[in-house]
Amino acid sequence: MRHFGHIAPEVRQRLFHQEPCDFTADSPARLLSVALGATLYSPATRTRLADDIVKQAGNGVVSMVLCLEDSIGDEDVVAGEENLVRQFADLAGRADPALPLLFVRVRTPEQIPDLVRRLGPAVRLLSGFVFPKFTEERGIPFLEALTAAETAAGRRLFGMPVLETPELMYRESRVAALEGIARAIDKYRDRVLALRLGVTDFCSSYGLRRAPDMTAYDVQIVASVIADVVNLLGRADGSGYTVTGPVWEYFRVPQRMFKPMLRTSPFLQGQAVELRERLIEHAMDGLLREISLDHANGLLGKTCIHPSHVPAVHALSVVSHEEYGDAVDILRPGRDGGGVLRSAYTNKMNEVKPHRAWAERTMLRAEVFGVAREDVSFVDLLAAGIPG
């Protein structure tokens with residue numbers, strides 16, 4: 001699979017200075033943690049789940065979470081498990097379907113070995129599990145169950161803890177809770193693919209809900225938690241993990257910020273007005289601002305609950321030609337000793353030592369999401385990435 005693999009090769013050639021790389025479920029964890037991109041959540045109870053997965057893969061989705069937790073009622077868990085097993089068997093019986101990375105969000109540690117056993121040979125399609133409401137005390141049993149299930153399955157399985165408990169919201173318990181989480185996941189570093197943020201649960205601790213024109217960073221009490229999670233668990237010194245952006249709850253909100261650009265994008269010239277209007281409808285101000293702020297605050301990828309969010313997350317993850325040029329200059333052999341360079345775009349200073357970690361992260365993102373051509377904008381990438 002690859003990002004933007006669903007669009008025509010000739011369009012990719014027009015868009016990218018460096019095209020996104022190919023990867024599989026067996027690729028190195030460091031690459032996969034970045035490649036998650038927009039992780040689309042779906043209730044495990046959907047009766048046509050197998051068809052949905054294949055369809056979304058064809059629309060550019062590369063990671064999905066099939067949820068047995070908050071997205072379904074307590075009374076539907078057993079039916080959800082049974083449906084999940086049936087749908088995996090359906091997928092496994094198809095002729096080499098192109099599938100995203102598939103994860104199951106469970107409620108209890110006991111579900112992990114049970115589901116692996118019930119999936120049987122179809123477990124080869126599973127990339128791992130998502131652990132809800134993760135703390136040191138709650139999380140260790142999930143990680144132990146994952147390790148045992150991996151041995152039983154005979155294949156690598158990843159875990160993705162969700163940080164969403166009140167202990168992380170409350171100032172008096174936050175540092176201790178984060179330190180406990182760090183102790184738990186550090187013991188299983190090779191199995192923890194990424195950390196996910198449950199901002200909806202954070203808000204619920206105070207009876208809050210952000211409006212569609214507000215990002216998570218506008219809710220200061222939530223922004224403070226994100227900052228502390230990145231501070232302790234997202235460091236660039238080799239001790240950190242990929243931390244993914246919070247869910248965006250809204251969809252089908254009319255787009256305003258990029259409306260003029262969408263109407264003038266060269267990738268839309270000569271196309272039907274209906275396509276332009278569909279782009280405007282699918283791209284949303286608040287979501288776009290929040291993705292940009294995710295990146296600025298050290299987060300990469302995003303939890304998504306609607307397919308219309310996926311193209312925006314992926315388009316904004318592509319490395320710009322300017323970013324790529326700066327990163328290449330900073331990492332050029334022979335510059336380990338430091339120094340200051342003028343950007344090739346003559347609009348900024350590149351300081352070799354302080355900017356090195358940024359450049360290394362940028363180059364990994366460039367490998368996974370590609371590098372845009374000099375004259376290609378985010379709007380062009382969005383226009384090309386929305387399924388036809």
# chains A, B, ... in the order shown; residues from 1 in each chain; ligands from 1
call {"tool": "select_by_dssp", "arguments": {"residues": "region 134-239 of chain A", "states": "helix (DSSP H, G or I)", "output": "number ranges by chain"}}
result
A: 136-153, 166-169, 171-186, 189-191, 199-204, 216-218, 220-233
call {"tool": "residues_around", "arguments": {"residues": "region 172-182 of chain A", "least_positions_apart": "2", "cutoff": "8 Å", "atoms": "only C-alpha atoms", "output": "tab-separated table (two decimals) with N, CA and C atoms, in the first residue's frame"}}
result
chain	number	residue	atom	x	y	z
A	134	PHE	N	-6.25	4.14	28.80
A	134	PHE	CA	-4.98	3.54	29.20
A	134	PHE	C	-4.35	4.29	30.36
A	135	THR	N	-4.03	3.54	31.41
A	135	THR	CA	-3.22	4.02	32.54
A	135	THR	C	-2.20	2.93	32.84
A	136	GLU	N	-1.28	3.21	33.75
A	136	GLU	CA	-0.30	2.17	34.09
A	136	GLU	C	-1.00	0.93	34.64
A	139	GLY	N	-3.31	-0.51	31.87
A	139	GLY	CA	-2.64	-0.80	30.61
A	139	GLY	C	-1.77	-2.03	30.60
A	167	GLU	N	-7.56	11.18	35.09
A	167	GLU	CA	-6.29	11.41	35.79
A	167	GLU	C	-5.35	12.28	34.97
A	168	LEU	N	-5.48	12.21	33.64
A	168	LEU	CA	-4.63	13.04	32.79
A	168	LEU	C	-5.16	14.47	32.69
A	169	MET	N	-6.43	14.66	32.95
A	169	MET	CA	-7.00	16.00	32.90
A	169	MET	C	-6.71	16.77	34.18
A	170	TYR	N	-6.77	16.09	35.31
A	170	TYR	CA	-6.67	16.77	36.60
A	170	TYR	C	-5.22	17.13	36.89
A	184	ALA	N	4.91	1.90	31.85
A	184	ALA	CA	4.23	0.73	31.28
A	184	ALA	C	4.62	0.50	29.83
A	185	ILE	N	4.61	1.55	29.01
A	185	ILE	CA	4.86	1.35	27.59
A	185	ILE	C	6.33	1.17	27.27
A	186	ASP	N	7.20	1.71	28.10
A	186	ASP	CA	8.63	1.55	27.84
A	186	ASP	C	9.06	0.08	27.93
A	229	VAL	N	1.44	15.66	27.34
A	229	VAL	CA	1.65	14.34	26.74
A	229	VAL	C	2.84	14.38	25.79
A	232	LEU	N	6.29	14.77	27.68
A	232	LEU	CA	6.86	13.59	28.33
A	232	LEU	C	7.00	12.40	27.40
A	233	LEU	N	6.07	12.24	26.44
A	233	LEU	CA	6.02	11.00	25.65
A	233	LEU	C	6.31	11.20	24.17
call {"tool": "closest_residue", "arguments": {"among": "A:Val62, A:Leu288, A:Ala359, A:Leu68", "to": "Ala315 (chain A)", "atoms": "only C-alpha atoms"}}
result
A:Leu288
call {"tool": "residues_around", "arguments": {"residues": "Glu144 (chain A)", "least_positions_apart": "4", "cutoff": "9 Å", "atoms": "only C-alpha atoms", "output": "CSV table (one decimal) with C-alpha atoms, in the first residue's frame"}}
result
chain,number,residue,atom,x,y,z
A,109,PRO,CA,-7.6,-7.5,28.0
A,139,GLY,CA,-2.6,-0.8,30.6
A,140,ILE,CA,-0.2,-3.5,31.7
A,148,ALA,CA,0.6,-13.7,24.7
A,149,ALA,CA,-1.7,-13.2,21.7
A,188,TYR,CA,6.9,-3.0,25.6
call {"tool": "closest_residue", "arguments": {"among": "A:Arg210, A:Lys353, A:Arg156, A:Arg12", "to": "Asp190 (chain A)", "atoms": "only C-alpha atoms"}}
result
A:Arg156
call {"tool": "residues_around", "arguments": {"residues": "Arg356 (chain A)", "least_positions_apart": "3", "cutoff": "12 Å", "atoms": "only C-alpha atoms", "output": "list in words"}}
result
Ala236, Asp237, Asp326, Ala327, Val328, Asp329, Ile330, Leu331, Arg332, Arg335, Asp336, Gly337, Gly338, Gly339, Val340, Asn350, Glu351, Val352, Lys353, Ala359, Glu360, Arg361, Thr362 and Met363 of chain A
call {"tool": "residues_around", "arguments": {"residues": "Asn347 (chain A)", "least_positions_apart": "5", "cutoff": "12 Å", "atoms": "only C-alpha atoms", "output": "PyMOL selection string"}}
result
chain A and resi 322-323+326+341-342
call {"tool": "write_last_selection", "arguments": {"atoms": "C-alpha atoms", "output": "short mmCIF file (atom, residue, chain, number, x, y, z; two decimals), in the first residue's frame"}}
result
data_model
loop_
_atom_site.label_atom_id
_atom_site.label_comp_id
_atom_site.auth_asym_id
_atom_site.auth_seq_id
_atom_site.Cartn_x
_atom_site.Cartn_y
_atom_site.Cartn_z
CA GLU A 322 10.28 24.15 0.65
CA GLU A 323 10.32 21.97 3.78
CA ASP A 326 15.44 22.90 4.07
CA LEU A 341 22.44 28.41 6.55
CA ARG A 342 20.17 30.63 4.53
#
call {"tool": "closest_residue", "arguments": {"among": "A:Arg171, A:Ala122, A:Asn83, A:Pro161", "to": "Val106 (chain A)", "atoms": "only C-alpha atoms"}}
result
A:Pro161
call {"tool": "atom_distance", "arguments": {"atom1": "CA of Asp90 (chain A)", "atom2": "CA of Leu146 (chain A)"}}
result
24.0 Å
call {"tool": "select_by_dssp", "arguments": {"residues": "region 128-314 of chain A", "states": "strand (DSSP E)", "output": "ChimeraX atom specification"}}
result
/A:128-131,158-163,195-197,243-248,302-304
call {"tool": "write_last_selection", "arguments": {"atoms": "C-alpha atoms", "output": "CSV table (one decimal), in the first residue's frame"}}
result
chain,number,residue,atom,x,y,z
A,128,GLY,CA,-3.0,-5.1,16.3
A,129,PHE,CA,-5.3,-3.7,19.0
A,130,VAL,CA,-6.3,-0.4,20.5
A,131,PHE,CA,-6.4,-0.1,24.3
A,158,PHE,CA,1.0,-3.8,17.7
A,159,GLY,CA,-0.8,-2.0,20.5
A,160,MET,CA,-2.1,1.6,20.4
A,161,PRO,CA,-3.0,2.9,23.9
A,162,VAL,CA,-5.6,5.7,24.0
A,163,LEU,CA,-4.8,8.4,26.6
A,195,LEU,CA,-0.3,6.8,21.3
A,196,ARG,CA,-3.7,8.1,20.6
A,197,LEU,CA,-5.4,11.0,22.3
A,243,VAL,CA,1.4,10.8,19.2
A,244,THR,CA,-1.6,11.0,16.9
A,245,GLY,CA,-4.0,14.0,16.6
A,246,PRO,CA,-7.5,14.0,18.3
A,247,VAL,CA,-10.7,13.1,16.6
A,248,TRP,CA,-12.6,15.7,14.7
A,302,LYS,CA,-5.4,11.7,13.2
A,303,THR,CA,-8.3,9.7,14.5
A,304,CYS,CA,-11.2,10.1,12.0
call {"tool": "closest_residue", "arguments": {"among": "A:Asp70, A:Pro100, A:Gly238, A:Thr47", "to": "Thr200 (chain A)", "atoms": "only C-alpha atoms"}}
result
A:Asp70
call {"tool": "residues_around", "arguments": {"residues": "Leu99 (chain A)", "least_positions_apart": "2", "cutoff": "12 Å", "atoms": "only C-alpha atoms", "output": "PyMOL selection string"}}
result
chain A and resi 1-2+23-25+50-64+88+91-92+94-97+101-103+124-127
call {"tool": "write_last_selection", "arguments": {"atoms": "N, CA, C and O atoms", "output": "compact mmCIF listing (two decimals), in the first residue's frame"}}
result
# COMPACT_ATOMS: atom_id res chain seq x y z
N MET A 1 0.86 -1.19 0.00
CA MET A 1 0.00 0.00 0.00
C MET A 1 0.89 1.23 0.00
O MET A 1 2.09 1.17 0.30
N ARG A 2 0.30 2.37 -0.35
CA ARG A 2 1.02 3.63 -0.33
C ARG A 2 0.01 4.75 -0.24
O ARG A 2 -1.14 4.62 -0.69
N PHE A 23 4.63 0.48 1.38
CA PHE A 23 4.87 -0.17 2.67
C PHE A 23 3.83 -1.27 2.86
O PHE A 23 2.81 -1.31 2.15
N THR A 24 4.11 -2.17 3.79
CA THR A 24 3.19 -3.26 4.10
C THR A 24 3.03 -3.34 5.62
O THR A 24 3.73 -2.63 6.37
N ALA A 25 2.17 -4.23 6.06
CA ALA A 25 1.98 -4.44 7.49
C ALA A 25 3.24 -4.97 8.16
O ALA A 25 3.37 -4.91 9.39
N ALA A 50 -16.79 -5.85 5.84
CA ALA A 50 -15.75 -6.28 4.90
C ALA A 50 -15.79 -5.44 3.62
O ALA A 50 -14.75 -4.99 3.12
N ASP A 51 -16.99 -5.20 3.10
CA ASP A 51 -17.12 -4.37 1.90
C ASP A 51 -16.67 -2.94 2.18
O ASP A 51 -16.03 -2.29 1.34
N ASP A 52 -17.02 -2.44 3.37
CA ASP A 52 -16.62 -1.08 3.74
C ASP A 52 -15.10 -0.94 3.77
O ASP A 52 -14.54 0.05 3.30
N ILE A 53 -14.43 -1.94 4.32
CA ILE A 53 -12.97 -1.90 4.43
C ILE A 53 -12.34 -1.87 3.06
O ILE A 53 -11.44 -1.07 2.78
N VAL A 54 -12.80 -2.73 2.17
CA VAL A 54 -12.25 -2.77 0.80
C VAL A 54 -12.52 -1.44 0.09
O VAL A 54 -11.65 -0.90 -0.60
N LYS A 55 -13.72 -0.90 0.27
CA LYS A 55 -14.07 0.37 -0.36
C LYS A 55 -13.17 1.49 0.13
O LYS A 55 -12.64 2.29 -0.68
N GLN A 56 -12.97 1.58 1.44
CA GLN A 56 -12.16 2.66 1.99
C GLN A 56 -10.70 2.52 1.59
O GLN A 56 -10.01 3.52 1.35
N ALA A 57 -10.21 1.29 1.48
CA ALA A 57 -8.84 1.09 0.98
C ALA A 57 -8.71 1.65 -0.42
O ALA A 57 -7.70 2.28 -0.77
N GLY A 58 -9.74 1.44 -1.25
CA GLY A 58 -9.72 1.96 -2.61
C GLY A 58 -9.84 3.47 -2.68
O GLY A 58 -9.53 4.07 -3.71
N ASN A 59 -10.26 4.09 -1.57
CA ASN A 59 -10.40 5.55 -1.52
C ASN A 59 -9.21 6.22 -0.84
O ASN A 59 -9.26 7.43 -0.57
N GLY A 60 -8.17 5.45 -0.52
CA GLY A 60 -6.96 6.05 0.04
C GLY A 60 -6.76 5.88 1.52
O GLY A 60 -5.77 6.39 2.08
N VAL A 61 -7.64 5.16 2.22
CA VAL A 61 -7.46 4.90 3.65
C VAL A 61 -6.40 3.82 3.83
O VAL A 61 -6.48 2.77 3.18
N VAL A 62 -5.43 4.05 4.72
CA VAL A 62 -4.38 3.04 4.93
C VAL A 62 -4.40 2.47 6.34
O VAL A 62 -3.63 1.54 6.63
N SER A 63 -5.25 2.97 7.23
CA SER A 63 -5.37 2.37 8.56
C SER A 63 -6.79 2.54 9.07
O SER A 63 -7.40 3.60 8.88
N MET A 64 -7.32 1.49 9.67
CA MET A 64 -8.67 1.51 10.23
C MET A 64 -8.70 0.85 11.59
O MET A 64 -7.92 -0.08 11.87
N PHE A 88 -13.85 -10.77 9.04
CA PHE A 88 -12.45 -11.12 8.77
C PHE A 88 -12.37 -12.39 7.91
O PHE A 88 -11.53 -12.49 7.01
N LEU A 91 -13.09 -11.35 4.39
CA LEU A 91 -11.93 -10.70 3.78
C LEU A 91 -10.85 -11.71 3.43
O LEU A 91 -10.23 -11.63 2.36
N ALA A 92 -10.61 -12.66 4.33
CA ALA A 92 -9.55 -13.65 4.11
C ALA A 92 -9.87 -14.55 2.92
O ALA A 92 -8.96 -15.09 2.29
N ARG A 94 -11.30 -13.59 0.13
CA ARG A 94 -11.27 -12.86 -1.14
C ARG A 94 -9.90 -12.99 -1.78
O ARG A 94 -8.89 -13.23 -1.12
N ALA A 95 -9.86 -12.79 -3.06
CA ALA A 95 -8.61 -12.96 -3.82
C ALA A 95 -7.72 -11.74 -3.65
O ALA A 95 -7.91 -10.72 -4.32
N ASP A 96 -6.78 -11.83 -2.72
CA ASP A 96 -5.76 -10.80 -2.50
C ASP A 96 -6.34 -9.39 -2.48
O ASP A 96 -5.95 -8.53 -3.29
N PRO A 97 -7.28 -9.11 -1.56
CA PRO A 97 -7.82 -7.76 -1.51
C PRO A 97 -6.75 -6.78 -0.98
O PRO A 97 -5.94 -7.13 -0.13
N LEU A 101 -4.12 -1.22 7.11
CA LEU A 101 -3.72 -1.78 8.40
C LEU A 101 -4.97 -1.82 9.27
O LEU A 101 -5.65 -0.81 9.45
N LEU A 102 -5.28 -3.00 9.82
CA LEU A 102 -6.52 -3.18 10.58
C LEU A 102 -6.21 -3.41 12.06
O LEU A 102 -5.39 -4.27 12.41
N PHE A 103 -6.89 -2.65 12.90
CA PHE A 103 -6.75 -2.76 14.35
C PHE A 103 -8.14 -2.93 14.96
O PHE A 103 -9.13 -2.44 14.40
N ARG A 124 -4.07 -13.20 10.09
CA ARG A 124 -2.98 -12.64 9.27
C ARG A 124 -3.33 -11.25 8.74
O ARG A 124 -2.44 -10.49 8.33
N LEU A 125 -4.62 -10.90 8.75
CA LEU A 125 -5.06 -9.59 8.28
C LEU A 125 -5.04 -8.54 9.38
O LEU A 125 -5.29 -7.36 9.11
N LEU A 126 -4.76 -8.96 10.60
CA LEU A 126 -4.83 -8.07 11.76
C LEU A 126 -3.46 -7.49 12.08
O LEU A 126 -2.47 -8.21 12.16
N SER A 127 -3.41 -6.17 12.29
CA SER A 127 -2.15 -5.51 12.65
C SER A 127 -2.03 -5.25 14.14
O SER A 127 -0.93 -4.99 14.62
call {"tool": "residues_around", "arguments": {"residues": "Thr108 (chain A)", "least_positions_apart": "2", "cutoff": "10 Å", "atoms": "only C-alpha atoms", "output": "list of chain:residue names"}}
result
A:Leu68, A:Glu69, A:Arg105, A:Val106, A:Glu110, A:Gln111, A:Ile112, A:Phe131, A:Pro132, A:Arg138, A:Gly139, A:Pro141, A:Phe142, A:Ala145
call {"tool": "atom_distance", "arguments": {"atom1": "CA of Asp114 (chain A)", "atom2": "CA of Arg48 (chain A)"}}
result
22.6 Å
call {"tool": "atom_distance", "arguments": {"atom1": "CA of Gly93 (chain A)", "atom2": "CA of Leu119 (chain A)"}}
result
12.6 Å
